[in-house]
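Asker: Starting off with a structure, shown below.
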Amino acid sequence: MIRKLGEADHAPLMTLVSKDPALNLFIIGDVENFGFEQEFMELWGDFREEDGQLIAVLLRFYGSFIPYADGPFDAAGFAALMQAGPKFEMVSGSAETVQAVAEHLNIRKEKQMRFAELRELNSTLDTTAASAHAIRQATTDDVDAICSLTDQIEEFDNNPEDSRSSLRKTLETGTGRTYYMEQDGKVIATASTAAESSMSAMVVAVATHPAYRGRGLASRLVARLSADMLHEGRTPCLFYNDPQAALIYRKLGYQDIGFWTMLYV
């Protein structure tokens with residue numbers, strides 16, 4: 001049985017998603033930061049008929065959906081909820097769970113990335129984070145300067161207006177942070193976190209200006225972000241699909257824990 005979740009469901013929801021906190025960092029972070037009653041966010045749960053136990057959850061954050069299931073679940077029911085929404089754009093999550101839902105959707109594009117996490121501090125983080133360039137933490141005043149860099153990164157494929165709005169909201173709500181380096185008054189490298197919760201955080205939007213690549217700037221920013229997360233008791237996680245990025249992240253101590261699939265409709 002699928003029904004909408006509310007504050008009274010907080011305990012069983014956290015019991016379910018805490019079985020795999022890294023995989024569920026978006027669900028955990030959004031619930032901790034925004035609760036259950038928001039116009040841009042909704043949660044549904046699939047409850048087992050025989051004992052009423054919560055076995056799966058579906059998060060909507062604006063037009064994006066994330067399902068998580070601990071075993072078999074009503075994938076068709078979740079797909080129907082997504083399609084009934086006013087602005088269904090994409091669904092993402094662990095490969096197995098997303099593929100179960102995909103059987104009931106018309107998919108335009110699929111993207112799969114490796115999912116990695118860093119569980120403990122190590123000497124490489126401290127060494128890599130040391131930089132001749134000063135590392136600064138962004139405020140909302142820095143949004144345009146940072147997005148002027150990320151606008152140039154082809155892999156990001158972001159709408160300039162949306163990227164500025166998203167970064168500004170993240171910084172305003174404290175659900176993430178951005179570190180950056182400057183040269184001659186321009187941002188030349190940046191890295192951010194998103195979905196920060198009491199347990200974890202996602203490292204995102206790692207970028208270096210094309211003219212400054214090959215100098216290890218992004219590695220230093222990721223190392224500083226990751227070390228700060230671990231010192232605060234959070235496990236940093238990230239997605240990647242670039243072999244060169246894999247070498248960098250593994251050197252810092254990140255280990256693959258699975259695949260994250262994104263489906264666009």
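Chain labels A, B, ... are given in the sequence in which chains occur in the structure tokens; within each chain residues are numbered consecutively from 1, and ligands are likewise numbered from 1 in the order shown.
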Give me, as a Markdown table, the closest atom pair and its distance (Å, one decimal) for every residue of segment 20-70 of chain A within a cut-off of 10 Å of segment 165-183 of chain A, counting only C-alpha atoms, rows sorted by chain and rising number.

Answerer:
```
| residue | atom | partner | partner_atom | distance |
| --- | --- | --- | --- | --- |
| A:Gly29 | CA | A:Thr175 | CA | 7.8 |
| A:Asp30 | CA | A:Thr175 | CA | 8.5 |
| A:Glu32 | CA | A:Thr175 | CA | 9.7 |
| A:Asn33 | CA | A:Thr175 | CA | 7.0 |
| A:Phe34 | CA | A:Thr173 | CA | 9.5 |
```

Asker: Would you save the residues from that selection as a short mmCIF file (atom, residue, chain, number, x, y, z; two decimals), in the first residue's frame, using all heavy atoms?

Answerer:
```cif
data_model
loop_
_atom_site.label_atom_id
_atom_site.label_comp_id
_atom_site.auth_asym_id
_atom_site.auth_seq_id
_atom_site.Cartn_x
_atom_site.Cartn_y
_atom_site.Cartn_z
N GLY A 29 18.95 14.18 3.87
CA GLY A 29 19.23 15.60 3.93
C GLY A 29 18.00 16.46 3.72
O GLY A 29 17.79 17.45 4.43
N ASP A 30 17.16 16.09 2.76
CA ASP A 30 15.97 16.90 2.49
C ASP A 30 14.97 16.84 3.65
O ASP A 30 14.35 17.84 3.98
CB ASP A 30 15.30 16.43 1.20
CG ASP A 30 16.09 16.84 -0.03
OD1 ASP A 30 16.94 17.74 0.08
OD2 ASP A 30 15.86 16.26 -1.11
N GLU A 32 15.76 16.26 6.85
CA GLU A 32 16.34 17.02 7.96
C GLU A 32 16.25 18.53 7.73
O GLU A 32 16.00 19.30 8.66
CB GLU A 32 17.81 16.63 8.15
CG GLU A 32 18.01 15.28 8.79
CD GLU A 32 19.47 15.00 9.12
OE1 GLU A 32 20.35 15.83 8.79
OE2 GLU A 32 19.73 13.95 9.73
N ASN A 33 16.45 18.95 6.49
CA ASN A 33 16.50 20.38 6.19
C ASN A 33 15.14 21.00 5.94
O ASN A 33 14.94 22.19 6.23
CB ASN A 33 17.41 20.62 4.98
CG ASN A 33 18.87 20.35 5.28
OD1 ASN A 33 19.40 20.80 6.28
ND2 ASN A 33 19.54 19.61 4.41
N PHE A 34 14.19 20.22 5.38
CA PHE A 34 12.93 20.81 4.96
C PHE A 34 11.69 20.17 5.58
O PHE A 34 10.59 20.68 5.40
CB PHE A 34 12.81 20.74 3.43
CG PHE A 34 13.94 21.40 2.70
CD1 PHE A 34 14.81 20.65 1.93
CD2 PHE A 34 14.15 22.76 2.79
CE1 PHE A 34 15.86 21.25 1.25
CE2 PHE A 34 15.20 23.38 2.12
CZ PHE A 34 16.06 22.62 1.35
#
```

Asker: Select from segment 30-264 of chain A everything DSSP, run on the backbone, classes as strand (DSSP E or B), then give the selection as JSON, numbers by chain.

Answerer: {"A": [38, 41, 42, 43, 44, 45, 46, 47, 54, 55, 56, 57, 58, 59, 60, 61, 64, 65, 66, 67, 68, 69, 90, 91, 92, 93, 94, 109, 110, 111, 112, 113, 114, 115, 116, 117, 136, 137, 178, 179, 180, 181, 182, 183, 186, 187, 188, 189, 190, 191, 192, 193, 194, 200, 201, 202, 203, 204, 205, 206, 207, 208, 235, 236, 237, 238, 239, 240, 255, 256, 257, 258, 259, 260, 261, 262, 263, 264]}

Asker: Each residue of segment 172-214 of chain A with at least one atom at most 9 Å from segment 223-234 of chain A should appear once, together with its nearest atom pair and the corresponding distance in Å (one decimal); atoms considered: only C-alpha atoms; ordering: chain, then increasing residue number; output as CSV.

Answerer:
```
residue,atom,partner,partner_atom,distance
A:Arg177,CA,A:Leu225,CA,8.8
A:Thr178,CA,A:Leu225,CA,8.5
A:Tyr179,CA,A:Leu225,CA,7.4
A:Ala191,CA,A:Leu225,CA,7.8
A:Ser192,CA,A:Leu225,CA,7.7
A:Thr193,CA,A:Leu225,CA,7.8
A:Glu196,CA,A:Arg234,CA,8.2
A:Ser197,CA,A:Arg234,CA,7.6
A:Ser198,CA,A:Arg234,CA,6.4
A:Met199,CA,A:Arg234,CA,4.8
A:Ser200,CA,A:Arg234,CA,4.3
A:Ala201,CA,A:Arg234,CA,6.5
A:Val203,CA,A:Leu225,CA,7.9
```

Asker: Here is a test: counting only C-alpha atoms, which residue of A:Met41, A:Ala207, A:Ala189, A:Leu221 is nearest to Ile153 of chain A?

Answerer: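 The shortest atom-to-atom distance to Ile153 of chain A comes from A:Ala207.
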
Asker: Among segment 17-258 of chain A, which ones does DSSP assign to helix (DSSP H, G or I) (computed from the backbone)? Answer as number ranges by chain.

Answerer: A: 17, 25-34, 75-84, 95-102, 123-129, 140-150, 154-156, 160-173, 210-212, 217-231, 243-252

Asker: Near Ala79 of chain A, counting only C-alpha atoms, which residues have an atom at most 7 Å away, once you skip same-chain residues fewer than 2 positions from it, shown as a VMD selection string?

Answerer: chain A and resid 75 to 77 81 to 83 101 104 to 105

Asker: Which residues are close to segment 60-64 of chain A, i.e. within 12 Å by only C-alpha atoms, leaving aside same-chain residues fewer than 2 positions away? Reply as a VMD selection string.

Answerer: chain A and resid 4 to 5 26 to 27 29 to 31 34 36 to 45 57 to 58 66 to 68 78 to 79 81 to 93 166 195 262 to 265

Asker: Write out, as a PDB file, in the first residue's frame, the residues just selected, with C-alpha atoms.

Answerer:
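Written output follows (part_29.pdb):
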```pdb
ATOM      1  CA  LYS A   4       1.874  10.022   1.395  1.00  0.00           C
ATOM      2  CA  LEU A   5       4.243  10.418   4.339  1.00  0.00           C
ATOM      3  CA  PHE A  26      19.408  13.136  -0.573  1.00  0.00           C
ATOM      4  CA  ILE A  27      16.349  11.748   1.198  1.00  0.00           C
ATOM      5  CA  GLY A  29      19.234  15.604   3.926  1.00  0.00           C
ATOM      6  CA  ASP A  30      15.968  16.896   2.494  1.00  0.00           C
ATOM      7  CA  VAL A  31      13.921  15.577   5.408  1.00  0.00           C
ATOM      8  CA  PHE A  34      12.931  20.810   4.963  1.00  0.00           C
ATOM      9  CA  PHE A  36       7.667  16.856   5.115  1.00  0.00           C
ATOM     10  CA  GLU A  37       5.392  19.783   4.270  1.00  0.00           C
ATOM     11  CA  GLN A  38       6.881  21.815   1.406  1.00  0.00           C
ATOM     12  CA  GLU A  39       5.409  22.866  -1.908  1.00  0.00           C
ATOM     13  CA  PHE A  40       8.526  21.702  -3.770  1.00  0.00           C
ATOM     14  CA  MET A  41       8.948  18.428  -1.904  1.00  0.00           C
ATOM     15  CA  GLU A  42       6.811  15.347  -1.185  1.00  0.00           C
ATOM     16  CA  LEU A  43       7.395  11.862   0.173  1.00  0.00           C
ATOM     17  CA  TRP A  44       5.423   8.645  -0.298  1.00  0.00           C
ATOM     18  CA  GLY A  45       5.912   5.288   1.367  1.00  0.00           C
ATOM     19  CA  VAL A  57      10.080   5.454  -0.116  1.00  0.00           C
ATOM     20  CA  LEU A  58       9.727   7.906  -2.995  1.00  0.00           C
ATOM     21  CA  ILE A  66      14.361   9.427  -5.958  1.00  0.00           C
ATOM     22  CA  PRO A  67      13.023   5.981  -4.990  1.00  0.00           C
ATOM     23  CA  TYR A  68      14.617   3.711  -2.411  1.00  0.00           C
ATOM     24  CA  PHE A  78       5.763   4.678  -7.775  1.00  0.00           C
ATOM     25  CA  ALA A  79       5.925   5.194 -11.552  1.00  0.00           C
ATOM     26  CA  LEU A  81       2.879   8.823  -8.901  1.00  0.00           C
ATOM     27  CA  MET A  82       5.770  10.302 -10.892  1.00  0.00           C
ATOM     28  CA  GLN A  83       3.736  10.525 -14.074  1.00  0.00           C
ATOM     29  CA  ALA A  84       0.840  12.154 -12.237  1.00  0.00           C
ATOM     30  CA  GLY A  85       3.041  15.048 -11.133  1.00  0.00           C
ATOM     31  CA  PRO A  86       2.897  18.454 -12.855  1.00  0.00           C
ATOM     32  CA  LYS A  87       6.569  18.583 -13.889  1.00  0.00           C
ATOM     33  CA  PHE A  88       8.155  15.135 -13.971  1.00  0.00           C
ATOM     34  CA  GLU A  89      11.676  15.563 -15.368  1.00  0.00           C
ATOM     35  CA  MET A  90      13.850  12.754 -14.061  1.00  0.00           C
ATOM     36  CA  VAL A  91      14.202   9.864 -11.644  1.00  0.00           C
ATOM     37  CA  SER A  92      17.489   8.811 -10.078  1.00  0.00           C
ATOM     38  CA  GLY A  93      18.801   6.404  -7.475  1.00  0.00           C
ATOM     39  CA  SER A 166      20.103  26.558  -7.265  1.00  0.00           C
ATOM     40  CA  ALA A 195      22.302  17.631   0.485  1.00  0.00           C
ATOM     41  CA  MET A 262      19.560   8.869 -13.834  1.00  0.00           C
ATOM     42  CA  LEU A 263      16.605   8.556 -16.201  1.00  0.00           C
ATOM     43  CA  TYR A 264      15.212  11.545 -18.095  1.00  0.00           C
ATOM     44  CA  VAL A 265      11.647  11.517 -19.378  1.00  0.00           C
TER      45      VAL A 265
END
```

Asker: Leaving out Tyr249 of chain A and any residue of its chain fewer than 2 positions from it, which residues lie within 12 Å of it when counting only C-alpha atoms, given as an mmCIF file with C-alpha atoms, in the first residue's frame?

Answerer:
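Writing the result to out_3.cif gives the following:
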```cif
data_model
loop_
_atom_site.group_PDB
_atom_site.id
_atom_site.type_symbol
_atom_site.label_atom_id
_atom_site.label_comp_id
_atom_site.auth_asym_id
_atom_site.auth_seq_id
_atom_site.Cartn_x
_atom_site.Cartn_y
_atom_site.Cartn_z
ATOM 1 C CA ARG A 114 29.777 5.390 -10.292
ATOM 2 C CA PHE A 115 28.956 6.214 -6.679
ATOM 3 C CA ALA A 116 31.823 6.534 -4.199
ATOM 4 C CA GLU A 117 32.312 7.538 -0.577
ATOM 5 C CA LEU A 118 35.186 8.454 1.734
ATOM 6 C CA THR A 124 46.754 12.301 1.466
ATOM 7 C CA LEU A 125 43.801 14.593 2.167
ATOM 8 C CA THR A 128 46.513 17.510 -1.234
ATOM 9 C CA VAL A 203 30.448 16.581 -3.385
ATOM 10 C CA VAL A 206 33.822 20.179 -9.324
ATOM 11 C CA GLY A 216 45.707 19.899 -9.196
ATOM 12 C CA ALA A 218 40.194 20.781 -8.213
ATOM 13 C CA SER A 219 41.880 17.956 -6.297
ATOM 14 C CA ARG A 220 42.862 20.401 -3.568
ATOM 15 C CA LEU A 221 39.350 21.781 -3.313
ATOM 16 C CA VAL A 222 37.801 18.303 -3.120
ATOM 17 C CA ALA A 223 40.390 17.296 -0.512
ATOM 18 C CA SER A 226 36.169 16.122 2.115
ATOM 19 C CA PRO A 236 31.449 12.723 1.840
ATOM 20 C CA CYS A 237 30.118 10.997 -1.290
ATOM 21 C CA LEU A 238 30.346 11.756 -4.994
ATOM 22 C CA PHE A 239 29.428 10.583 -8.488
ATOM 23 C CA TYR A 240 31.845 10.210 -11.363
ATOM 24 C CA ASN A 241 32.159 8.548 -14.767
ATOM 25 C CA ASP A 242 35.479 9.963 -15.993
ATOM 26 C CA PRO A 243 38.509 7.634 -15.741
ATOM 27 C CA GLN A 244 40.783 10.591 -14.927
ATOM 28 C CA ALA A 245 38.456 11.655 -12.130
ATOM 29 C CA ALA A 246 38.482 8.077 -10.837
ATOM 30 C CA LEU A 247 42.254 8.232 -10.383
ATOM 31 C CA LYS A 251 44.021 8.673 -4.551
ATOM 32 C CA LEU A 252 42.165 10.764 -1.973
ATOM 33 C CA GLY A 253 40.709 7.573 -0.479
ATOM 34 C CA TYR A 254 37.266 7.373 -2.095
ATOM 35 C CA GLN A 255 35.950 3.862 -2.682
ATOM 36 C CA ASP A 256 33.221 2.768 -5.094
#
```
